[in-house]
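Next up, query.tsv (TSV, C-alpha atoms and all ligand atoms):
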chain	number	residue	atom	x	y	z
A	1	MET	CA	0.00	0.00	0.00
A	2	LYS	CA	1.57	3.25	-1.16
A	3	SER	CA	1.68	5.96	1.50
A	4	LEU	CA	1.43	9.73	1.18
A	5	LYS	CA	5.10	9.94	2.13
A	6	ASP	CA	6.01	7.95	-1.00
A	7	VAL	CA	4.47	10.34	-3.54
A	8	GLU	CA	5.75	13.54	-5.08
A	9	LEU	CA	3.26	16.24	-4.10
A	10	THR	CA	5.02	19.43	-5.11
A	11	ASN	CA	2.54	21.72	-6.89
A	12	LYS	CA	0.22	18.80	-7.67
A	13	SER	CA	-3.55	18.97	-7.26
A	14	VAL	CA	-4.66	16.61	-4.52
A	15	GLY	CA	-8.07	15.10	-3.72
A	16	LEU	CA	-8.16	13.98	-0.08
A	17	ARG	CA	-10.97	11.62	0.94
A	18	VAL	CA	-11.34	12.12	4.69
A	19	ASP	CA	-13.94	10.93	7.19
A	20	LEU	CA	-15.41	14.12	8.64
A	21	ASN	CA	-18.55	12.33	9.76
A	22	VAL	CA	-18.86	13.93	13.20
A	23	PRO	CA	-21.90	14.65	15.36
A	24	ILE	CA	-23.30	18.13	14.71
A	25	ASP	CA	-26.09	19.63	16.77
A	26	ASN	CA	-27.73	22.82	15.53
A	27	GLY	CA	-24.67	23.73	13.50
A	28	GLU	CA	-22.34	23.04	16.47
A	29	ILE	CA	-19.73	20.30	16.21
A	30	VAL	CA	-20.20	18.04	19.25
A	31	SER	CA	-17.00	16.02	18.95
A	32	SER	CA	-14.10	17.08	16.76
A	33	ASP	CA	-11.77	14.08	17.30
A	34	ARG	CA	-12.06	12.89	13.72
A	35	LEU	CA	-11.36	16.40	12.43
A	36	SER	CA	-8.25	16.80	14.59
A	37	ALA	CA	-7.05	13.35	13.50
A	38	VAL	CA	-6.69	14.44	9.85
A	39	LEU	CA	-5.12	17.85	10.52
A	40	PRO	CA	-1.51	16.54	10.34
A	41	THR	CA	-2.22	15.09	6.89
A	42	ILE	CA	-3.78	18.31	5.62
A	43	ILE	CA	-0.83	20.32	6.93
A	44	PHE	CA	1.62	17.82	5.42
A	45	ILE	CA	0.00	18.25	1.99
A	46	LEU	CA	-0.33	22.03	2.24
A	47	GLU	CA	3.40	22.32	2.93
A	48	LYS	CA	3.98	20.90	-0.56
A	49	THR	CA	1.08	22.16	-2.61
A	50	GLU	CA	-1.62	24.81	-2.36
A	51	ASN	CA	-4.15	22.83	-4.36
A	52	LEU	CA	-6.07	20.57	-2.09
A	53	CYS	CA	-9.71	19.50	-2.05
A	54	LEU	CA	-11.23	17.72	0.96
A	55	ILE	CA	-13.92	15.14	0.19
A	56	SER	CA	-16.13	13.58	2.86
A	57	HIS	CA	-19.56	12.29	3.67
A	58	LEU	CA	-21.66	13.39	6.65
A	59	GLY	CA	-24.55	11.29	7.91
A	60	ARG	CA	-26.74	9.35	5.52
A	61	PRO	CA	-28.62	11.82	3.30
A	62	LYS	CA	-30.84	10.82	0.40
A	63	GLU	CA	-28.61	10.73	-2.67
A	64	GLY	CA	-29.23	13.42	-5.28
A	65	HIS	CA	-30.72	15.82	-2.70
A	66	PHE	CA	-29.21	18.71	-0.76
A	67	ASP	CA	-29.96	18.59	2.96
A	68	GLU	CA	-28.80	21.66	4.82
A	69	SER	CA	-28.58	19.83	8.15
A	70	LEU	CA	-25.92	17.57	6.60
A	71	SER	CA	-23.94	20.27	4.83
A	72	LEU	CA	-20.18	20.34	5.47
A	73	ASP	CA	-20.27	24.09	6.10
A	74	PRO	CA	-19.81	23.88	9.92
A	75	ILE	CA	-16.83	21.62	9.25
A	76	ARG	CA	-15.42	24.09	6.71
A	77	ILE	CA	-15.60	26.81	9.38
A	78	TRP	CA	-13.87	24.53	11.93
A	79	PHE	CA	-10.97	23.91	9.51
A	80	GLU	CA	-10.76	27.60	8.52
A	81	LYS	CA	-10.17	28.47	12.18
A	82	ARG	CA	-7.65	25.68	12.76
A	83	LEU	CA	-5.68	26.30	9.59
A	84	ASN	CA	-6.14	30.05	9.66
A	85	ARG	CA	-6.92	30.21	5.94
A	86	ASN	CA	-9.91	30.56	3.66
A	87	ILE	CA	-11.62	27.41	2.47
A	88	SER	CA	-14.24	27.40	-0.31
A	89	LEU	CA	-17.20	25.06	-0.01
A	90	ILE	CA	-18.09	23.86	-3.51
A	91	ASN	CA	-21.16	21.94	-4.57
A	92	SER	CA	-19.85	20.48	-7.80
A	93	ILE	CA	-16.68	18.62	-8.74
A	94	ASP	CA	-16.29	20.93	-11.79
A	95	LYS	CA	-15.94	23.87	-9.43
A	96	VAL	CA	-12.76	22.59	-7.74
A	97	ASN	CA	-10.47	25.63	-7.82
A	98	LYS	CA	-6.86	26.24	-7.11
A	99	GLY	CA	-6.27	26.65	-3.38
A	100	LEU	CA	-8.01	24.90	-0.51
A	101	ASN	CA	-11.53	23.61	-1.21
A	102	ILE	CA	-13.99	21.36	0.51
A	103	LEU	CA	-16.48	19.51	-1.64
A	104	GLU	CA	-20.04	19.40	-0.26
A	105	ASN	CA	-21.15	16.13	1.36
A	106	ILE	CA	-20.22	13.45	-1.19
A	107	ARG	CA	-23.39	11.52	-0.30
A	108	PHE	CA	-25.45	14.33	-1.88
A	109	PHE	CA	-23.95	13.18	-5.19
A	110	GLU	CA	-25.75	10.62	-7.35
A	111	GLY	CA	-23.77	7.37	-7.59
A	112	GLU	CA	-21.67	7.59	-4.40
A	113	SER	CA	-23.14	4.58	-2.58
A	114	SER	CA	-23.47	2.47	-5.74
A	115	ASN	CA	-19.82	3.16	-6.62
A	116	SER	CA	-20.87	4.52	-10.01
A	117	ASP	CA	-18.11	4.63	-12.62
A	118	ASN	CA	-19.25	8.10	-13.59
A	119	LEU	CA	-18.76	9.67	-10.16
A	120	ALA	CA	-15.56	7.71	-9.49
A	121	ASN	CA	-14.21	8.94	-12.83
A	122	LEU	CA	-15.12	12.56	-12.16
A	123	LEU	CA	-13.30	12.43	-8.82
A	124	ALA	CA	-10.31	10.53	-10.13
A	125	ASN	CA	-9.79	12.78	-13.17
A	126	LYS	CA	-10.02	16.03	-11.28
A	127	PHE	CA	-6.77	15.51	-9.36
A	128	ASP	CA	-3.17	14.53	-10.01
A	129	ILE	CA	-3.20	12.46	-6.83
A	130	TYR	CA	-6.12	10.90	-4.96
A	131	VAL	CA	-5.38	10.27	-1.30
A	132	MET	CA	-7.52	7.90	0.75
A	133	GLU	CA	-7.47	9.00	4.37
A	134	ALA	CA	-10.97	7.92	5.49
A	135	PHE	CA	-10.19	4.66	7.31
A	136	ALA	CA	-13.51	4.92	9.17
A	137	THR	CA	-15.27	4.59	5.79
A	138	ALA	CA	-12.92	1.99	4.32
A	139	HIS	CA	-15.62	-0.71	4.66
A	140	ARG	CA	-17.90	1.11	2.19
A	141	LYS	CA	-17.43	0.22	-1.47
A	142	SER	CA	-18.50	3.61	-2.75
A	143	ALA	CA	-17.30	5.88	-5.57
A	144	SER	CA	-15.11	8.04	-3.32
A	145	THR	CA	-13.73	5.19	-1.17
A	146	TYR	CA	-13.19	2.56	-3.85
A	147	GLY	CA	-13.79	3.46	-7.51
A	148	ALA	CA	-11.89	6.76	-7.43
A	149	ILE	CA	-8.86	5.07	-5.84
A	150	LEU	CA	-8.76	2.54	-8.66
A	151	GLN	CA	-9.35	5.05	-11.45
A	152	ALA	CA	-7.00	7.81	-10.25
A	153	LYS	CA	-3.78	8.49	-12.15
A	154	GLU	CA	-2.02	8.05	-8.83
A	155	SER	CA	-3.52	7.15	-5.48
A	156	CYS	CA	-2.15	6.39	-2.05
A	157	ALA	CA	-3.09	6.01	1.62
A	158	GLY	CA	-3.04	9.10	3.85
A	159	LEU	CA	-1.00	9.26	7.06
A	160	LEU	CA	-3.90	8.35	9.36
A	161	PHE	CA	-5.16	5.58	7.07
A	162	HIS	CA	-1.68	4.10	6.93
A	163	GLN	CA	-1.33	4.26	10.70
A	164	GLU	CA	-4.74	2.66	11.34
A	165	VAL	CA	-3.98	-0.28	9.04
A	166	HIS	CA	-0.48	-0.66	10.48
A	167	LYS	CA	-1.66	-0.67	14.12
A	168	LEU	CA	-4.48	-3.13	13.50
A	169	ASN	CA	-2.27	-5.42	11.44
A	170	LEU	CA	0.30	-5.33	14.20
A	171	ALA	CA	-2.23	-6.48	16.78
A	172	LEU	CA	-3.58	-9.24	14.56
A	173	SER	CA	-0.22	-10.44	13.27
A	174	MET	CA	0.43	-12.18	16.60
A	175	THR	CA	4.02	-11.00	16.99
A	176	LYS	CA	3.04	-10.65	20.67
A	177	PRO	CA	0.41	-12.69	22.54
A	178	LEU	CA	-3.00	-11.07	22.19
A	179	ILE	CA	-5.73	-10.55	24.76
A	180	SER	CA	-9.09	-9.48	23.35
A	181	ILE	CA	-12.03	-7.88	25.07
A	182	VAL	CA	-15.32	-8.03	23.21
A	183	GLY	CA	-18.43	-6.42	24.61
A	184	GLY	CA	-21.66	-5.19	23.10
A	185	SER	CA	-25.17	-6.46	23.00
A	186	LYS	CA	-25.32	-9.36	20.55
A	187	VAL	CA	-23.17	-12.37	19.72
A	188	SER	CA	-24.77	-12.48	16.25
A	189	THR	CA	-23.52	-9.02	15.25
A	190	LYS	CA	-20.03	-9.74	16.59
A	191	LEU	CA	-19.80	-13.37	15.49
A	192	ALA	CA	-17.07	-12.79	12.89
A	193	VAL	CA	-15.13	-10.64	15.38
A	194	LEU	CA	-15.38	-13.31	18.09
A	195	LYS	CA	-14.33	-16.11	15.74
A	196	ASN	CA	-11.35	-14.21	14.34
A	197	LEU	CA	-10.17	-12.96	17.72
A	198	LEU	CA	-10.59	-16.38	19.38
A	199	ASP	CA	-8.38	-17.77	16.68
A	200	LYS	CA	-5.68	-15.17	17.24
A	201	SER	CA	-5.89	-14.52	20.99
A	202	LYS	CA	-4.62	-16.21	24.11
A	203	LYS	CA	-7.79	-15.15	25.95
A	204	VAL	CA	-11.04	-13.38	25.01
A	205	LEU	CA	-12.96	-11.61	27.77
A	206	VAL	CA	-16.62	-11.17	26.91
A	207	GLY	CA	-19.02	-8.56	28.28
A	208	GLY	CA	-22.38	-6.90	27.72
A	209	GLY	CA	-25.30	-8.89	26.30
A	210	ILE	CA	-22.70	-11.11	24.60
A	211	ALA	CA	-21.60	-12.37	28.04
A	212	ASN	CA	-25.24	-13.26	28.87
A	213	THR	CA	-25.46	-15.66	25.93
A	214	PHE	CA	-22.12	-17.23	26.85
A	215	LEU	CA	-23.22	-17.60	30.50
A	216	LYS	CA	-26.44	-19.29	29.41
A	217	ALA	CA	-24.47	-21.61	27.12
A	218	ALA	CA	-22.19	-22.44	30.06
A	219	GLY	CA	-25.26	-23.55	32.07
A	220	PHE	CA	-25.80	-20.53	34.33
A	221	ASP	CA	-29.29	-19.36	35.21
A	222	ILE	CA	-29.33	-15.80	33.85
A	223	GLY	CA	-32.90	-14.96	34.97
A	224	ASN	CA	-34.59	-12.40	32.75
A	225	SER	CA	-31.40	-11.28	31.00
A	226	ILE	CA	-31.45	-10.67	27.27
A	227	TYR	CA	-29.61	-13.39	25.34
A	228	GLU	CA	-29.72	-15.04	21.90
A	229	GLU	CA	-31.13	-18.57	21.83
A	230	SER	CA	-29.90	-19.13	18.26
A	231	MET	CA	-26.29	-18.45	19.30
A	232	LEU	CA	-26.14	-20.92	22.21
A	233	SER	CA	-24.58	-23.83	20.36
A	234	ILE	CA	-21.98	-21.56	18.71
A	235	CYS	CA	-21.12	-20.13	22.14
A	236	GLU	CA	-20.78	-23.66	23.52
A	237	LYS	CA	-18.23	-24.47	20.82
A	238	MET	CA	-16.35	-21.26	21.56
A	239	LEU	CA	-16.34	-22.11	25.28
A	240	ASN	CA	-14.68	-25.43	24.41
A	241	THR	CA	-11.57	-23.53	23.26
A	242	ASP	CA	-10.98	-22.69	26.95
A	243	LYS	CA	-10.06	-19.17	25.89
A	244	VAL	CA	-13.30	-17.37	26.79
A	245	ILE	CA	-13.28	-15.50	30.10
A	246	LEU	CA	-16.73	-15.20	31.70
A	247	PRO	CA	-17.67	-12.85	34.54
A	248	GLU	CA	-17.81	-14.25	38.07
A	249	ARG	CA	-19.71	-11.34	39.65
A	250	VAL	CA	-22.45	-9.38	37.94
A	251	ILE	CA	-24.66	-6.37	38.52
A	252	ILE	CA	-28.35	-7.17	38.26
A	253	SER	CA	-31.60	-5.26	38.34
A	254	GLU	CA	-35.26	-5.78	37.51
A	255	SER	CA	-34.87	-3.48	34.50
A	256	PRO	CA	-32.45	-0.87	33.13
A	257	SER	CA	-34.79	1.88	34.40
A	258	SER	CA	-35.56	0.51	37.88
A	259	GLY	CA	-32.95	2.75	39.54
A	260	GLU	CA	-31.85	-0.12	41.78
A	261	SER	CA	-28.99	-2.58	41.33
A	262	PHE	CA	-27.46	-5.52	43.21
A	263	PHE	CA	-23.98	-6.94	43.04
A	264	VAL	CA	-24.11	-10.76	43.08
A	265	ASP	CA	-22.23	-13.91	42.26
A	266	VAL	CA	-22.97	-15.08	38.73
A	267	SER	CA	-24.60	-18.22	40.14
A	268	ASP	CA	-27.05	-16.13	42.22
A	269	VAL	CA	-29.06	-14.34	39.52
A	270	ARG	CA	-32.73	-14.52	40.57
A	271	SER	CA	-35.32	-15.35	37.94
A	272	GLU	CA	-36.92	-11.87	37.83
A	273	MET	CA	-33.55	-10.13	37.45
A	274	MET	CA	-31.47	-9.07	34.43
A	275	ILE	CA	-27.68	-8.89	34.18
A	276	LEU	CA	-26.90	-5.32	33.10
A	277	ASP	CA	-23.24	-4.97	34.02
A	278	LEU	CA	-20.41	-7.11	35.34
A	279	GLU	CA	-17.39	-6.98	37.55
A	280	PHE	CA	-14.38	-7.08	35.41
A	281	LYS	CA	-11.82	-9.43	36.95
A	282	LYS	CA	-8.43	-7.78	36.47
A	283	GLU	CA	-6.37	-10.86	37.29
A	284	SER	CA	-7.89	-12.77	34.37
A	285	ILE	CA	-6.18	-10.53	31.82
A	286	SER	CA	-3.30	-8.98	33.76
A	287	PHE	CA	-0.51	-10.07	31.47
A	288	VAL	CA	2.56	-7.92	31.01
A	289	ASN	CA	4.03	-7.34	27.55
A	290	HIS	CA	0.92	-8.46	25.67
A	291	MET	CA	-1.17	-6.76	23.00
A	292	PHE	CA	-4.76	-5.87	23.91
A	293	ILE	CA	-7.67	-5.25	21.56
A	294	TRP	CA	-10.88	-3.84	22.95
A	295	ASN	CA	-14.22	-3.39	21.26
A	296	GLY	CA	-17.59	-2.98	22.94
A	297	PRO	CA	-18.79	-1.96	26.43
A	298	LEU	CA	-19.17	-4.45	29.30
A	299	GLY	CA	-22.48	-3.07	30.57
A	300	ILE	CA	-25.02	-0.30	29.98
A	301	PHE	CA	-22.35	2.26	30.84
A	302	GLU	CA	-24.55	5.22	29.87
A	303	ILE	CA	-26.49	4.55	33.11
A	304	ASP	CA	-24.30	5.25	36.11
A	305	ILE	CA	-25.29	2.23	38.23
A	306	PHE	CA	-24.42	-0.10	35.31
A	307	SER	CA	-21.15	1.57	34.31
A	308	LYS	CA	-18.74	-0.13	36.72
A	309	GLY	CA	-17.48	-2.85	34.34
A	310	THR	CA	-16.72	-0.48	31.45
A	311	ARG	CA	-15.30	2.24	33.74
A	312	ASP	CA	-12.96	-0.21	35.51
A	313	LEU	CA	-11.88	-1.65	32.17
A	314	VAL	CA	-10.99	1.81	30.84
A	315	LYS	CA	-8.87	2.47	33.95
A	316	PHE	CA	-7.22	-0.95	33.71
A	317	LEU	CA	-6.31	-0.52	30.03
A	318	GLU	CA	-4.97	2.96	30.69
A	319	GLU	CA	-2.47	1.58	33.16
A	320	ILE	CA	-1.55	-1.82	31.76
A	321	GLN	CA	1.96	-2.31	30.45
A	322	GLY	CA	1.36	-3.38	26.91
A	323	GLU	CA	-0.01	-1.98	23.71
A	324	VAL	CA	-3.76	-1.36	23.76
A	325	ILE	CA	-5.75	-0.90	20.58
A	326	ALA	CA	-9.35	0.19	21.03
A	327	GLY	CA	-12.01	1.08	18.50
A	328	GLY	CA	-15.68	1.11	17.62
A	329	GLY	CA	-18.28	3.84	18.15
A	330	GLU	CA	-19.44	2.93	21.68
A	331	THR	CA	-15.90	2.07	22.78
A	332	ILE	CA	-14.59	5.49	21.73
A	333	TYR	CA	-17.54	7.10	23.48
A	334	ALA	CA	-16.79	5.17	26.70
A	335	ILE	CA	-13.10	6.14	26.60
A	336	ASN	CA	-14.04	9.80	26.18
A	337	LYS	CA	-16.55	9.52	29.02
A	338	PHE	CA	-14.29	7.86	31.58
A	339	SER	CA	-10.81	8.87	30.47
A	340	ASN	CA	-8.87	10.55	27.71
A	341	GLN	CA	-7.84	8.99	24.41
A	342	LYS	CA	-4.29	10.28	24.95
A	343	LYS	CA	-3.86	7.80	27.82
A	344	PHE	CA	-4.37	4.89	25.40
A	345	SER	CA	-1.64	3.64	23.12
A	346	TYR	CA	-4.01	3.63	20.17
A	347	VAL	CA	-7.66	4.53	19.70
A	348	SER	CA	-8.91	4.00	16.16
A	349	THR	CA	-11.09	6.71	14.60
A	350	ALA	CA	-13.29	3.99	13.11
A	351	GLY	CA	-16.51	2.30	14.20
A	352	GLY	CA	-17.87	-0.16	11.64
A	353	ALA	CA	-14.59	-0.30	9.69
A	354	PHE	CA	-12.68	-1.22	12.88
A	355	ILE	CA	-15.10	-4.05	13.60
A	356	GLU	CA	-14.89	-5.38	10.03
A	357	PHE	CA	-11.10	-5.18	10.06
A	358	ILE	CA	-10.74	-7.11	13.33
A	359	SER	CA	-13.18	-9.73	12.05
A	360	GLY	CA	-10.64	-10.47	9.32
A	361	LYS	CA	-12.64	-8.99	6.42
A	362	LYS	CA	-10.87	-7.29	3.54
A	363	LEU	CA	-11.97	-3.65	3.48
A	364	PRO	CA	-12.75	-2.34	-0.05
A	365	SER	CA	-10.49	0.74	0.27
A	366	VAL	CA	-7.60	-1.37	1.54
A	367	VAL	CA	-8.11	-3.75	-1.39
A	368	ALA	CA	-8.21	-0.84	-3.88
A	369	LEU	CA	-5.05	0.71	-2.43
A	370	GLY	CA	-3.36	-2.68	-2.60
A	371	VAL	CA	-4.06	-2.88	-6.35
A	372	LYS	CA	-2.64	0.60	-7.12
A	401	LIG	C1	-18.73	5.91	10.60
A	401	LIG	O1	-19.08	6.88	11.31
A	401	LIG	O2	-18.66	4.75	11.07
A	401	LIG	C2	-18.28	6.18	9.19
A	401	LIG	O3	-18.23	7.53	8.92
A	401	LIG	C3	-19.14	5.45	8.20
A	401	LIG	O4	-20.43	5.95	8.22
A	401	LIG	P1	-21.65	5.09	7.62
A	401	LIG	O5	-21.89	3.95	8.57
A	401	LIG	O6	-22.80	6.03	7.50
A	401	LIG	O7	-21.18	4.55	6.28
Mind turning this structure into structure tokens?
Amino acid sequence: MKSLKDVELTNKSVGLRVDLNVPIDNGEIVSSDRLSAVLPTIIFILEKTENLCLISHLGRPKEGHFDESLSLDPIRIWFEKRLNRNISLINSIDKVNKGLNILENIRFFEGESSNSDNLANLLANKFDIYVMEAFATAHRKSASTYGAILQAKESCAGLLFHQEVHKLNLALSMTKPLISIVGGSKVSTKLAVLKNLLDKSKKVLVGGGIANTFLKAAGFDIGNSIYEESMLSICEKMLNTDKVILPERVIISESPSSGESFFVDVSDVRSEMMILDLEFKKESISFVNHMFIWNGPLGIFEIDIFSKGTRDLVKFLEEIQGEVIAGGGETIYAINKFSNQKKFSYVSTAGGAFIEFISGKKLPSVVALGVK
């Protein structure tokens, strides 16, 4: 995969596909982490050429329609302030000018999601170099994240994209023993992740609703807890690997909204109760000089009385001696809530793309960059 550092940028025109898909409320940017993450790349390019156009999606608008609430204008203003220079927002690829431009939400354009040759061609032919920097969108086979990479005269991975792929490959390449932590609500949606990580890890600690299904498969009475009947036999097989770490103490309640919780042994869950959080047993994954991958919360951490498992895990991972790679939408949210991303060795900017990558799937943008 060719990196931005390998290409000659001087005075070239550059199209930079970034992921600027950030939460915006009433025109105000709620979290700017993804914007800050691509600033070094933008600055790197601007040191070599003035002609740069940022390309991104925002939200999921109806293709072919302009939707003001999903315009990139608030993001343009954010970058203008950070870079201290004027940025033009343009609504057509033909209008790309010299200087620094930002193309309006690429999902307003007909053919983006279907990876139309026409749109991919327009993007590819407009620039001397097409740089793919949007790792968080690398799992979408769309015109700007796949077709344009293939059709461009020259294309390469941006600095952040390169780093994301490198860090995740490092964790999965098993140069060091790997400990995985997989939380979240359903085994079925994380099945590929669980299978791939079980294959590559020394131990896999499970949490959230996923842990409920494993506990049920292991023969525990989990009362009224939510679990997936159809996943029980798969969980049984996974338990036979002897790598799955189950909770020993859990936090139960009659319902997420009852306002009351009890801390009990996993074998003492009463029939009218639900498991909504767990005690995370540090000793079970306290290995020095290991790699750690974390995706998914251990309980309903948004509600204070069910946040202990996730909060303790964040603290543990902050302090452990070993490389920690975390990613996924809820995981990033939990880290921001209980800690600071800077305290982690690596927090991916990606949600869905992170999950697909750690499940062993080939991401379309990575495939396209590999071909170029
Ligand atoms: C994300 O936030 O995960 C990426 O920007 C991809 O967004 P999407 O799920 O709407 O394709």
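Coordinates place CA of Glu283 (chain A) at a distance of 21.9 Å from CA of Asp268 (chain A).
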My list of candidates is A:Asn224, A:Asn295, A:Gln151, A:Ser114. Which is closest to Val204 (chain A) when distances are computed with only C-alpha atoms?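 Using only C-alpha atoms, the shortest distance to Val204 (chain A) belongs to A:Asn295.
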Compile a residue-level contact table for chain A against ligand LIG 401 (chain A) at a cut-off of 8 Å, reporting for every qualifying residue the shortest atom pair and its distance in Å to one decimal, with only C-alpha atoms and all ligand atoms counted, rows ordered by chain and ascending number, as CSV.
residue,atom,partner,partner_atom,distance
A:Asp19,CA,A:LIG401,O3,5.7
A:Leu20,CA,A:LIG401,O3,7.2
A:Asn21,CA,A:LIG401,O3,4.9
A:Val22,CA,A:LIG401,O1,7.3
A:His57,CA,A:LIG401,O3,7.2
A:Leu58,CA,A:LIG401,O3,7.2
A:Gly59,CA,A:LIG401,O6,5.6
A:Arg60,CA,A:LIG401,O6,5.5
A:Ala136,CA,A:LIG401,C2,4.9
A:Thr137,CA,A:LIG401,C3,4.6
A:His139,CA,A:LIG401,O7,7.8
A:Arg140,CA,A:LIG401,O7,6.3
A:Gly329,CA,A:LIG401,O2,7.1
A:Ala350,CA,A:LIG401,O2,5.8
A:Gly351,CA,A:LIG401,O2,4.5
A:Gly352,CA,A:LIG401,O2,5.0
A:Ala353,CA,A:LIG401,O2,6.6
Written selection (C-alpha atoms) as a CSV table (one decimal), in the frame of the given file:
chain,number,residue,atom,x,y,z
A,19,ASP,CA,-13.9,10.9,7.2
A,20,LEU,CA,-15.4,14.1,8.6
A,21,ASN,CA,-18.6,12.3,9.8
A,22,VAL,CA,-18.9,13.9,13.2
A,57,HIS,CA,-19.6,12.3,3.7
A,58,LEU,CA,-21.7,13.4,6.6
A,59,GLY,CA,-24.6,11.3,7.9
A,60,ARG,CA,-26.7,9.4,5.5
A,136,ALA,CA,-13.5,4.9,9.2
A,137,THR,CA,-15.3,4.6,5.8
A,139,HIS,CA,-15.6,-0.7,4.7
A,140,ARG,CA,-17.9,1.1,2.2
A,329,GLY,CA,-18.3,3.8,18.2
A,350,ALA,CA,-13.3,4.0,13.1
A,351,GLY,CA,-16.5,2.3,14.2
A,352,GLY,CA,-17.9,-0.2,11.6
A,353,ALA,CA,-14.6,-0.3,9.7
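From CA of Ile251 (chain A) back to CA of Asn212 (chain A), the distance works out to 11.9 Å.
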Quick one: pull the distance between CA of Leu194 (chain A) and CA of Ser359 (chain A), Å, one decimal.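 Interatomic distance here is 7.4 Å.
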Between A:Gly223, A:Pro256, A:Pro364, A:Pro61, which has the minimum distance to Arg270 (chain A) (counting all atoms listed in the file)?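 Nearest candidate to Arg270 (chain A) out of A:Gly223, A:Pro256, A:Pro364, A:Pro61: A:Gly223.
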As number ranges by chain, please: the residues near region 303-310 of chain A (cut-off 9 Å, all atoms listed in the file, same-chain neighbours under 6 positions excluded). A: 207, 250-252, 256-257, 259-261, 276-280, 296-297, 334-335, 338
Might you pull out every residue within 10 Å of Lys337 (chain A), with all atoms listed in the file counted and same-chain residues fewer than 3 positions away left off, and present them as a PyMOL selection string? chain A and resi 301-302+311+314+331-334+340-341
Identify, on the basis of all atoms listed in the file, every residue whose closest approach to Ala134 (chain A) does not exceed 12 Å; exclude the query and any residue fewer than 3 positions from it along the same chain; express the result as a VMD selection string. chain A and resid 16 to 21 34 to 35 37 to 38 41 54 to 57 130 to 131 137 to 140 142 144 to 146 149 156 to 165 348 to 351 353 to 354 363 to 366
Got a sec: who's within 10 Å of Lys167 (chain A), counting all atoms listed in the file, leaving out chain neighbours fewer than 6 positions off, as a ChimeraX atom specification? /A:173,323-325,345-348
When you look at region 226-228 of chain A with a cut-off of 9 Å (counting all atoms listed in the file), what residues show up, excluding the ones that are within fewer than 6 positions of it in the same chain? I need them as a PyMOL selection string. chain A and resi 185-188+209-214+216+274-275
